[in-house]
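Everything below belongs to final03.pdb, which stores PDB, C-alpha atoms and all ligand atoms.
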MODEL        1
ATOM      1  CA  MET A   1     196.416 127.168-129.017
ATOM      2  CA  ARG A   2     199.436 129.302-128.349
ATOM      3  CA  ARG A   3     202.626 127.998-126.932
ATOM      4  CA  ASN A   4     202.113 129.216-123.382
ATOM      5  CA  GLY A   5     198.707 127.611-123.214
ATOM      6  CA  THR A   6     195.054 128.369-122.685
ATOM      7  CA  LEU A   7     193.878 128.520-119.100
ATOM      8  CA  ILE A   8     190.427 127.014-118.572
ATOM      9  CA  LEU A   9     188.816 127.942-115.258
ATOM     10  CA  CYS A  10     186.182 125.848-113.484
ATOM     11  CA  TYR A  11     183.503 127.486-111.346
ATOM     12  CA  HIS A  12     180.250 126.024-110.058
ATOM     13  CA  ARG A  13     178.061 128.544-108.229
ATOM     14  CA  VAL A  14     178.084 132.340-108.011
ATOM     15  CA  VAL A  15     176.281 133.181-104.787
ATOM     16  CA  GLU A  16     176.960 134.835-101.453
ATOM     17  CA  GLY A  17     176.425 133.916 -97.823
ATOM     18  CA  VAL A  18     175.191 130.342 -98.128
ATOM     19  CA  GLU A  19     176.239 127.000 -96.667
ATOM     20  CA  ASP A  20     179.078 125.773 -98.875
ATOM     21  CA  PRO A  21     180.474 122.514 -97.501
ATOM     22  CA  PHE A  22     181.947 121.455-100.845
ATOM     23  CA  TYR A  23     183.618 124.830-101.667
ATOM     24  CA  LEU A  24     181.537 125.328-104.806
ATOM     25  CA  CYS A  25     180.546 128.970-104.293
ATOM     26  CA  VAL A  26     182.230 132.194-105.391
ATOM     27  CA  SER A  27     180.635 135.465-104.280
ATOM     28  CA  PRO A  28     179.286 137.782-107.019
ATOM     29  CA  GLY A  29     181.790 140.464-105.939
ATOM     30  CA  ASN A  30     184.733 138.097-106.250
ATOM     31  CA  PHE A  31     183.431 136.694-109.562
ATOM     32  CA  ALA A  32     183.247 140.234-110.974
ATOM     33  CA  ALA A  33     186.801 140.915-109.769
ATOM     34  CA  HIS A  34     188.036 137.679-111.361
ATOM     35  CA  LEU A  35     186.499 138.600-114.727
ATOM     36  CA  GLU A  36     188.044 142.076-114.536
ATOM     37  CA  GLU A  37     191.455 140.548-113.851
ATOM     38  CA  ILE A  38     191.028 138.179-116.803
ATOM     39  CA  SER A  39     190.051 141.036-119.134
ATOM     40  CA  ARG A  40     192.910 143.233-117.944
ATOM     41  CA  ALA A  41     195.782 141.038-119.036
ATOM     42  CA  ARG A  42     194.395 138.038-120.904
ATOM     43  CA  GLU A  43     192.092 137.223-123.793
ATOM     44  CA  PRO A  44     188.701 136.078-122.460
ATOM     45  CA  SER A  45     187.623 133.363-124.870
ATOM     46  CA  ALA A  46     184.912 130.848-125.676
ATOM     47  CA  LEU A  47     185.877 127.175-125.812
ATOM     48  CA  ALA A  48     185.262 127.137-129.561
ATOM     49  CA  ASP A  49     188.076 129.685-130.047
ATOM     50  CA  ILE A  50     190.914 128.143-128.094
ATOM     51  CA  SER A  51     192.751 126.892-131.168
ATOM     52  CA  ALA A  52     192.679 130.263-132.927
ATOM     53  CA  PRO A  53     195.781 132.477-132.754
ATOM     54  CA  SER A  54     195.707 135.161-130.082
ATOM     55  CA  ARG A  55     198.026 138.005-129.146
ATOM     56  CA  ARG A  56     197.332 137.543-125.458
ATOM     57  CA  PRO A  57     197.008 134.261-123.523
ATOM     58  CA  ARG A  58     193.470 132.963-123.646
ATOM     59  CA  VAL A  59     191.355 132.310-120.569
ATOM     60  CA  VAL A  60     188.082 130.372-120.729
ATOM     61  CA  VAL A  61     185.505 130.660-117.938
ATOM     62  CA  THR A  62     183.338 127.587-117.352
ATOM     63  CA  LEU A  63     180.667 126.828-114.749
ATOM     64  CA  ASP A  64     179.651 123.249-113.976
ATOM     65  CA  ASP A  65     176.453 121.457-112.991
ATOM     66  CA  GLY A  66     173.554 123.760-113.934
ATOM     67  CA  TYR A  67     172.748 125.897-110.893
ATOM     68  CA  ARG A  68     170.147 128.616-111.327
ATOM     69  CA  ASP A  69     172.532 131.263-109.970
ATOM     70  CA  ASN A  70     174.502 130.891-113.205
ATOM     71  CA  LEU A  71     171.560 132.670-114.853
ATOM     72  CA  THR A  72     170.613 135.076-112.079
ATOM     73  CA  ASN A  73     174.083 136.024-110.772
ATOM     74  CA  ALA A  74     176.874 134.907-113.127
ATOM     75  CA  LEU A  75     175.307 135.921-116.444
ATOM     76  CA  PRO A  76     174.665 139.619-115.652
ATOM     77  CA  ILE A  77     178.248 139.970-114.362
ATOM     78  CA  ALA A  78     179.747 138.188-117.374
ATOM     79  CA  GLU A  79     177.650 140.319-119.744
ATOM     80  CA  SER A  80     178.683 143.536-118.043
ATOM     81  CA  LYS A  81     182.375 142.553-118.232
ATOM     82  CA  GLY A  82     182.079 141.150-121.770
ATOM     83  CA  VAL A  83     183.534 137.783-120.779
ATOM     84  CA  PRO A  84     182.181 134.661-122.508
ATOM     85  CA  ILE A  85     181.075 131.818-120.224
ATOM     86  CA  THR A  86     180.438 128.138-120.863
ATOM     87  CA  VAL A  87     177.833 126.475-118.639
ATOM     88  CA  PHE A  88     178.056 122.681-118.406
ATOM     89  CA  VAL A  89     174.556 121.523-117.549
ATOM     90  CA  THR A  90     173.598 118.186-115.983
ATOM     91  CA  SER A  91     170.613 117.729-118.288
ATOM     92  CA  GLY A  92     168.469 115.801-115.779
ATOM     93  CA  VAL A  93     168.149 118.918-113.590
ATOM     94  CA  LEU A  94     165.715 120.289-116.158
ATOM     95  CA  ARG A  95     163.091 117.756-115.060
ATOM     96  CA  ASN A  96     164.369 116.688-111.623
ATOM     97  CA  HIS A  97     162.993 118.935-108.940
ATOM     98  CA  LYS A  98     164.714 117.108-106.094
ATOM     99  CA  GLY A  99     167.999 118.921-106.682
ATOM    100  CA  LEU A 100     171.547 117.599-106.965
ATOM    101  CA  TRP A 101     172.280 114.718-104.625
ATOM    102  CA  TRP A 102     175.188 116.306-102.729
ATOM    103  CA  ASP A 103     172.961 119.251-101.852
ATOM    104  CA  ARG A 104     170.322 116.804-100.583
ATOM    105  CA  LEU A 105     173.013 115.051 -98.549
ATOM    106  CA  GLY A 106     174.029 118.388 -97.029
ATOM    107  CA  THR A 107     170.444 119.097 -95.954
ATOM    108  CA  LEU A 108     170.070 115.593 -94.574
ATOM    109  CA  LEU A 109     173.194 115.728 -92.417
ATOM    110  CA  ARG A 110     172.363 119.223 -91.156
ATOM    111  CA  SER A 111     168.908 117.907 -90.164
ATOM    112  CA  ARG A 112     170.292 114.916 -88.245
ATOM    113  CA  PRO A 113     168.343 114.469 -85.001
ATOM    114  CA  PRO A 114     170.658 115.160 -82.037
ATOM    115  CA  ASN A 115     170.260 111.675 -80.594
ATOM    116  CA  VAL A 116     171.344 110.035 -83.876
ATOM    117  CA  ARG A 117     175.101 109.395 -83.868
ATOM    118  CA  GLU A 118     175.431 107.168 -86.927
ATOM    119  CA  ILE A 119     174.036 106.647 -90.383
ATOM    120  CA  ASP A 120     172.894 103.314 -91.829
ATOM    121  CA  LEU A 121     173.592 103.751 -95.491
ATOM    122  CA  PRO A 122     172.168 101.281 -98.015
ATOM    123  CA  VAL A 123     175.079 100.715-100.411
ATOM    124  CA  GLY A 124     174.116  98.215-103.103
ATOM    125  CA  SER A 125     172.960  95.031-101.368
ATOM    126  CA  ARG A 126     174.523  95.839 -97.981
ATOM    127  CA  THR A 127     174.135  98.460 -95.318
ATOM    128  CA  VAL A 128     177.141 100.430 -94.162
ATOM    129  CA  ARG A 129     177.041 101.985 -90.693
ATOM    130  CA  LEU A 130     179.137 105.134 -90.328
ATOM    131  CA  PRO A 131     179.652 107.191 -87.152
ATOM    132  CA  LEU A 132     178.549 110.826 -87.337
ATOM    133  CA  GLY A 133     178.999 114.004 -85.381
ATOM    134  CA  SER A 134     182.449 113.563 -83.840
ATOM    135  CA  SER A 135     184.422 115.867 -86.181
ATOM    136  CA  GLY A 136     181.850 118.251 -87.620
ATOM    137  CA  ILE A 137     179.624 118.349 -90.650
ATOM    138  CA  ARG A 138     182.353 118.569 -93.282
ATOM    139  CA  ALA A 139     183.923 115.348 -92.001
ATOM    140  CA  ASP A 140     180.491 113.681 -91.968
ATOM    141  CA  LEU A 141     179.802 114.819 -95.524
ATOM    142  CA  ASP A 142     183.158 113.533 -96.715
ATOM    143  CA  SER A 143     182.779 110.118 -95.140
ATOM    144  CA  VAL A 144     179.229 109.562 -96.444
ATOM    145  CA  ARG A 145     179.981 111.000 -99.876
ATOM    146  CA  ARG A 146     182.878 108.586-100.297
ATOM    147  CA  TYR A 147     180.495 105.622-100.071
ATOM    148  CA  LEU A 148     177.853 107.147-102.325
ATOM    149  CA  LEU A 149     180.122 108.397-105.093
ATOM    150  CA  PRO A 150     180.682 105.078-106.943
ATOM    151  CA  LEU A 151     176.957 104.224-107.040
ATOM    152  CA  ARG A 152     174.428 104.843-109.769
ATOM    153  CA  VAL A 153     172.652 108.129-109.116
ATOM    154  CA  THR A 154     169.308 106.306-108.764
ATOM    155  CA  GLU A 155     170.896 104.230-105.970
ATOM    156  CA  ILE A 156     172.253 107.371-104.302
ATOM    157  CA  GLU A 157     168.807 108.986-104.412
ATOM    158  CA  GLN A 158     167.258 105.850-102.924
ATOM    159  CA  ALA A 159     169.832 105.754-100.125
ATOM    160  CA  LEU A 160     169.072 109.388 -99.259
ATOM    161  CA  ASP A 161     165.324 108.668 -99.314
ATOM    162  CA  VAL A 162     165.807 105.723 -96.930
ATOM    163  CA  VAL A 163     167.835 107.761 -94.431
ATOM    164  CA  ALA A 164     165.411 110.718 -94.588
ATOM    165  CA  GLU A 165     162.593 108.288 -93.832
ATOM    166  CA  GLN A 166     164.496 106.679 -90.929
ATOM    167  CA  TRP A 167     165.321 110.028 -89.384
ATOM    168  CA  GLN A 168     161.916 111.519 -90.221
ATOM    169  CA  VAL A 169     163.531 114.626 -91.712
ATOM    170  CA  GLY A 170     163.428 116.381 -95.079
ATOM    171  CA  SER A 171     166.248 116.269 -97.626
ATOM    172  CA  ALA A 172     165.285 119.057-100.017
ATOM    173  CA  PRO A 173     168.253 121.275-100.956
ATOM    174  CA  PRO A 174     168.118 124.867 -99.711
ATOM    175  CA  PRO A 175     166.406 127.350-102.082
ATOM    176  CA  ASP A 176     169.761 128.924-102.970
ATOM    177  CA  ALA A 177     170.882 125.596-104.490
ATOM    178  CA  ARG A 178     168.082 125.556-107.054
ATOM    179  CA  THR A 179     168.983 124.252-110.481
ATOM    180  CA  LEU A 180     167.999 125.543-113.916
ATOM    181  CA  ASN A 181     164.537 124.791-115.255
ATOM    182  CA  PRO A 182     163.933 124.577-119.030
ATOM    183  CA  GLU A 183     162.930 128.242-119.286
ATOM    184  CA  ASP A 184     166.024 129.325-117.309
ATOM    185  CA  LEU A 185     168.196 127.296-119.662
ATOM    186  CA  ARG A 186     166.652 128.882-122.738
ATOM    187  CA  GLN A 187     167.265 132.338-121.263
ATOM    188  CA  LEU A 188     170.899 131.473-120.603
ATOM    189  CA  ALA A 189     171.366 129.975-124.064
ATOM    190  CA  ALA A 190     169.855 133.084-125.674
ATOM    191  CA  SER A 191     172.775 135.228-124.506
ATOM    192  CA  ASP A 192     175.492 135.866-127.113
ATOM    193  CA  ILE A 193     178.232 135.301-124.565
ATOM    194  CA  VAL A 194     176.965 131.907-123.331
ATOM    195  CA  THR A 195     177.917 128.467-124.609
ATOM    196  CA  ILE A 196     175.843 125.609-123.221
ATOM    197  CA  GLY A 197     177.826 122.403-122.720
ATOM    198  CA  ALA A 198     176.819 118.938-121.485
ATOM    199  CA  HIS A 199     177.712 117.269-118.174
ATOM    200  CA  THR A 200     175.885 113.881-118.455
ATOM    201  CA  VAL A 201     172.231 113.276-117.624
ATOM    202  CA  ASP A 202     172.567 112.775-113.874
ATOM    203  CA  HIS A 203     176.167 113.619-112.904
ATOM    204  CA  VAL A 204     177.202 109.982-112.606
ATOM    205  CA  ARG A 205     180.850 109.186-111.914
ATOM    206  CA  LEU A 206     181.527 107.732-115.360
ATOM    207  CA  GLY A 207     184.652 105.763-114.489
ATOM    208  CA  ASP A 208     182.627 103.359-112.314
ATOM    209  CA  ARG A 209     180.060 102.530-114.990
ATOM    210  CA  SER A 210     179.911 100.150-117.973
ATOM    211  CA  ALA A 211     180.698 101.395-121.489
ATOM    212  CA  ARG A 212     176.992 101.236-122.346
ATOM    213  CA  GLU A 213     175.921 103.241-119.290
ATOM    214  CA  GLN A 214     178.600 105.808-120.069
ATOM    215  CA  GLN A 215     177.384 106.177-123.661
ATOM    216  CA  ASP A 216     173.805 106.652-122.478
ATOM    217  CA  ALA A 217     174.846 109.289-119.931
ATOM    218  CA  VAL A 218     176.901 111.194-122.510
ATOM    219  CA  THR A 219     174.647 111.037-125.590
ATOM    220  CA  GLY A 220     171.514 111.426-123.470
ATOM    221  CA  SER A 221     172.654 114.751-122.100
ATOM    222  CA  LYS A 222     173.598 116.049-125.550
ATOM    223  CA  GLY A 223     170.202 115.167-127.003
ATOM    224  CA  GLU A 224     168.212 116.537-124.060
ATOM    225  CA  LEU A 225     170.037 119.863-124.062
ATOM    226  CA  GLU A 226     169.897 120.270-127.845
ATOM    227  CA  ARG A 227     166.155 119.633-127.861
ATOM    228  CA  SER A 228     165.678 122.099-125.047
ATOM    229  CA  ILE A 229     167.640 125.008-126.522
ATOM    230  CA  GLY A 230     167.366 124.273-130.244
ATOM    231  CA  GLN A 231     171.138 124.651-130.740
ATOM    232  CA  ALA A 232     174.007 122.198-131.218
ATOM    233  CA  VAL A 233     175.817 121.262-127.970
ATOM    234  CA  SER A 234     179.447 120.646-128.865
ATOM    235  CA  HIS A 235     181.346 120.765-125.580
ATOM    236  CA  PHE A 236     181.357 118.355-122.641
ATOM    237  CA  ALA A 237     182.757 118.227-119.108
ATOM    238  CA  TYR A 238     183.310 114.957-117.213
ATOM    239  CA  PRO A 239     181.477 114.975-113.844
ATOM    240  CA  PHE A 240     184.018 115.391-111.023
ATOM    241  CA  GLY A 241     186.610 115.297-113.818
ATOM    242  CA  GLY A 242     189.603 113.927-111.927
ATOM    243  CA  ARG A 243     191.690 110.816-112.346
ATOM    244  CA  GLY A 244     189.411 107.784-111.925
ATOM    245  CA  ASP A 245     186.255 109.865-112.439
ATOM    246  CA  PHE A 246     186.393 109.067-116.151
ATOM    247  CA  ASP A 247     188.376 106.626-118.296
ATOM    248  CA  ASP A 248     189.241 105.794-121.909
ATOM    249  CA  ARG A 249     185.701 104.512-122.486
ATOM    250  CA  SER A 250     184.334 107.888-121.377
ATOM    251  CA  VAL A 251     186.615 109.634-123.864
ATOM    252  CA  ASP A 252     185.438 107.276-126.630
ATOM    253  CA  ALA A 253     181.802 107.917-125.698
ATOM    254  CA  VAL A 254     182.303 111.685-125.858
ATOM    255  CA  ARG A 255     184.164 111.554-129.176
ATOM    256  CA  SER A 256     181.660 109.230-130.839
ATOM    257  CA  ALA A 257     178.714 111.325-129.561
ATOM    258  CA  GLY A 258     180.086 114.147-131.749
ATOM    259  CA  PHE A 259     181.423 116.571-129.154
ATOM    260  CA  ASP A 260     184.329 118.829-130.200
ATOM    261  CA  THR A 261     185.970 119.095-126.773
ATOM    262  CA  ALA A 262     185.785 117.664-123.272
ATOM    263  CA  CYS A 263     187.060 119.276-120.072
ATOM    264  CA  THR A 264     188.527 117.455-117.095
ATOM    265  CA  THR A 265     189.532 118.884-113.725
ATOM    266  CA  LEU A 266     193.083 117.621-114.173
ATOM    267  CA  PRO A 267     195.313 120.611-113.418
ATOM    268  CA  GLY A 268     197.253 122.411-116.131
ATOM    269  CA  THR A 269     196.910 124.695-119.127
ATOM    270  CA  ALA A 270     195.825 123.483-122.573
ATOM    271  CA  ARG A 271     198.794 123.620-124.886
ATOM    272  CA  SER A 272     199.122 123.289-128.623
ATOM    273  CA  GLY A 273     198.552 119.668-129.575
ATOM    274  CA  GLU A 274     196.560 118.959-126.416
ATOM    275  CA  ASP A 275     194.033 116.116-126.684
ATOM    276  CA  PRO A 276     190.758 118.088-127.100
ATOM    277  CA  TYR A 277     188.935 115.395-125.117
ATOM    278  CA  ARG A 278     191.167 115.724-122.049
ATOM    279  CA  LEU A 279     191.449 119.473-121.593
ATOM    280  CA  PRO A 280     192.863 120.454-118.191
ATOM    281  CA  ARG A 281     191.095 122.990-115.987
ATOM    282  CA  ARG A 282     191.858 124.949-112.854
ATOM    283  CA  LEU A 283     189.334 124.941-110.023
ATOM    284  CA  VAL A 284     188.655 128.442-108.732
ATOM    285  CA  MET A 285     187.789 129.136-105.100
ATOM    286  CA  ASP A 286     186.130 132.151-103.492
ATOM    287  CA  TRP A 287     189.280 134.237-103.723
ATOM    288  CA  GLY A 288     189.463 138.023-103.519
ATOM    289  CA  ARG A 289     191.023 140.027-106.357
ATOM    290  CA  LEU A 290     194.643 139.925-105.166
ATOM    291  CA  ARG A 291     194.618 136.244-104.395
ATOM    292  CA  PHE A 292     193.086 135.523-107.810
ATOM    293  CA  ARG A 293     195.711 137.714-109.504
ATOM    294  CA  ALA A 294     198.467 135.826-107.710
ATOM    295  CA  GLN A 295     196.861 132.558-108.702
ATOM    296  CA  LEU A 296     196.861 133.600-112.384
ATOM    297  CA  GLN A 297     200.600 134.301-112.077
ATOM    298  CA  ARG A 298     201.164 130.974-110.405
ATOM    299  CA  TRP A 299     199.394 129.206-113.249
ATOM    300  CA  LYS A 300     202.219 130.550-115.459
ATOM    301  CA  LEU A 301     200.401 132.735-117.892
ATOM    302  CA  GLY A 302     201.499 135.764-119.824
TER
HETATM  303 ZN    ZN A 401     179.877 118.699-111.946
ENDMDL
END

Re-express the file's structure as structure tokens.
Amino acid sequence: MRRNGTLILCYHRVVEGVEDPFYLCVSPGNFAAHLEEISRAREPSALADISAPSRRPRVVVTLDDGYRDNLTNALPIAESKGVPITVFVTSGVLRNHKGLWWDRLGTLLRSRPPNVREIDLPVGSRTVRLPLGSSGIRADLDSVRRYLLPLRVTEIEQALDVVAEQWQVGSAPPPDARTLNPEDLRQLAASDIVTIGAHTVDHVRLGDRSAREQQDAVTGSKGELERSIGQAVSHFAYPFGGRGDFDDRSVDAVRSAGFDTACTTLPGTARSGEDPYRLPRRLVMDWGRLRFRAQLQRWKLG
């Protein structure tokens, strides 16, 4: 890694005109502009290359979670611009057709019957009652998500099932939030510019779980993805990726599972001597070209 650092960017979805309460979406037009800006002045790179010398500052493009639009929208753009991408896949999406839990939560809260002004949320052995509807859907999503986040994903799914049943509404994510199926993943992995990385089995918040559960979530995702694509999976990203979302036990689990690197969402650029299991990343929003260019400058590159 060169002295002025490698910038690793974190995207999630490349899609236009959809509900985006968690700010995960970048439009295809903006994504294309971002990749052009990266190619213009930087060295677009795969994660495997970040330690190799480079004349220009390296930029790595990553996409988290395993949404289907990574195949249908992001890949054609990345191929046309010649920019490598790494896709961190939550391996359970390959066989879970319910969708990712925050997308289910979004559907649920948007479907709330008008006379319902609170949610009774089963959280472990108790039920938490939260008021809804006074400050808009984003505020509702934030307050409910905060209680769900530390739970096991099976418990989160159960809580959503219980509320959907109580309200007599559906909780299926919208079609635009579809995740990759095994054939989609193989198509993605077949591209020369794509690296498939792991993101646990079910997107659990690792820092809240026991060492054993963390190991299972980390090694399980590596094995599932490798079996599915028939290639080694050597890179990992911690779900959520911020302080408290993972801990030293997570880092040990990732190292002992045989991964080469692990990405966080802690801000910064990866400098020479950086711990390869705590690589910083920058979250990218749905910025237009000029805003993205300014952001690259702000991140002190080149
Ligand atoms: Zn994620």

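Residue nearest ligand ZN 401 (chain A), chosen from A:Leu225, A:Val123, A:Val204, A:Leu109 and counting only C-alpha atoms and all ligand atoms: A:Val204.
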
Contacts between ligand ZN 401 (chain A) and chain A, please, where a residue of chain A counts if it comes within 9 Å (with all atoms listed in the file); show its shortest atom pair and distance in Å to one decimal, rows by chain and ascending number, as JSON lines.
{"residue": "A:His12", "atom": "CA", "partner": "A:ZN401", "partner_atom": "ZN", "distance": 7.6}
{"residue": "A:Leu63", "atom": "CA", "partner": "A:ZN401", "partner_atom": "ZN", "distance": 8.6}
{"residue": "A:Asp64", "atom": "CA", "partner": "A:ZN401", "partner_atom": "ZN", "distance": 5.0}
{"residue": "A:Asp65", "atom": "CA", "partner": "A:ZN401", "partner_atom": "ZN", "distance": 4.5}
{"residue": "A:Gly66", "atom": "CA", "partner": "A:ZN401", "partner_atom": "ZN", "distance": 8.3}
{"residue": "A:Phe88", "atom": "CA", "partner": "A:ZN401", "partner_atom": "ZN", "distance": 7.8}
{"residue": "A:Val89", "atom": "CA", "partner": "A:ZN401", "partner_atom": "ZN", "distance": 8.2}
{"residue": "A:Thr90", "atom": "CA", "partner": "A:ZN401", "partner_atom": "ZN", "distance": 7.5}
{"residue": "A:His199", "atom": "CA", "partner": "A:ZN401", "partner_atom": "ZN", "distance": 6.7}
{"residue": "A:His203", "atom": "CA", "partner": "A:ZN401", "partner_atom": "ZN", "distance": 6.4}
{"residue": "A:Ala237", "atom": "CA", "partner": "A:ZN401", "partner_atom": "ZN", "distance": 7.7}
{"residue": "A:Tyr238", "atom": "CA", "partner": "A:ZN401", "partner_atom": "ZN", "distance": 7.3}
{"residue": "A:Pro239", "atom": "CA", "partner": "A:ZN401", "partner_atom": "ZN", "distance": 4.5}
{"residue": "A:Phe240", "atom": "CA", "partner": "A:ZN401", "partner_atom": "ZN", "distance": 5.4}
{"residue": "A:Gly241", "atom": "CA", "partner": "A:ZN401", "partner_atom": "ZN", "distance": 7.8}

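The residues returned by the PyMOL selection byres (((chain A and resi 112) around 10) and not hetatm) on the shown structure are Thr107, Leu108, Leu109, Arg110, Ser111, Pro113, Pro114, Asn115, Val116, Arg117, Glu118, Ile119, Leu132, Gly133, Val163, Ala164, Trp167, Gln168, Val169 and Gly170 of chain A.
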
Selected residues written out with C-alpha atoms, as a PDB file, in the frame of the given file:
ATOM      1  CA  THR A 107     170.444 119.097 -95.954  1.00  0.00           C
ATOM      2  CA  LEU A 108     170.070 115.593 -94.574  1.00  0.00           C
ATOM      3  CA  LEU A 109     173.194 115.728 -92.417  1.00  0.00           C
ATOM      4  CA  ARG A 110     172.363 119.223 -91.156  1.00  0.00           C
ATOM      5  CA  SER A 111     168.908 117.907 -90.164  1.00  0.00           C
ATOM      6  CA  PRO A 113     168.343 114.469 -85.001  1.00  0.00           C
ATOM      7  CA  PRO A 114     170.658 115.160 -82.037  1.00  0.00           C
ATOM      8  CA  ASN A 115     170.260 111.675 -80.594  1.00  0.00           C
ATOM      9  CA  VAL A 116     171.344 110.035 -83.876  1.00  0.00           C
ATOM     10  CA  ARG A 117     175.101 109.395 -83.868  1.00  0.00           C
ATOM     11  CA  GLU A 118     175.431 107.168 -86.927  1.00  0.00           C
ATOM     12  CA  ILE A 119     174.036 106.647 -90.383  1.00  0.00           C
ATOM     13  CA  LEU A 132     178.549 110.826 -87.337  1.00  0.00           C
ATOM     14  CA  GLY A 133     178.999 114.004 -85.381  1.00  0.00           C
ATOM     15  CA  VAL A 163     167.835 107.761 -94.431  1.00  0.00           C
ATOM     16  CA  ALA A 164     165.411 110.718 -94.588  1.00  0.00           C
ATOM     17  CA  TRP A 167     165.321 110.028 -89.384  1.00  0.00           C
ATOM     18  CA  GLN A 168     161.916 111.519 -90.221  1.00  0.00           C
ATOM     19  CA  VAL A 169     163.531 114.626 -91.712  1.00  0.00           C
ATOM     20  CA  GLY A 170     163.428 116.381 -95.079  1.00  0.00           C
TER      21      GLY A 170
END

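Distance check against A:Tyr67 using all atoms listed in the file: of A:Asp184, A:Glu37, A:Glu157, A:Asp140, the minimum falls on A:Asp184.
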
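For the set A:Arg243, A:Arg13, A:Arg209, A:Arg42, the residue with the smallest atom-to-atom gap to A:Pro280 is A:Arg243, counting all atoms listed in the file.
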
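Residues surrounding stretch 272-276 of chain A within 12 Å are Met1, Arg2, Arg3, Asn4, Gly5, Thr6, Leu47, Ala48, Ile50, Ser51, Ala52, Pro53, Ser234, His235, Phe236, Ala237, Val251, Val254, Arg255, Phe259, Asp260, Thr261, Ala262, Cys263, Thr264, Gly268 and Pro280 of chain A [all atoms listed in the file; sequence separation below 4 positions excluded].
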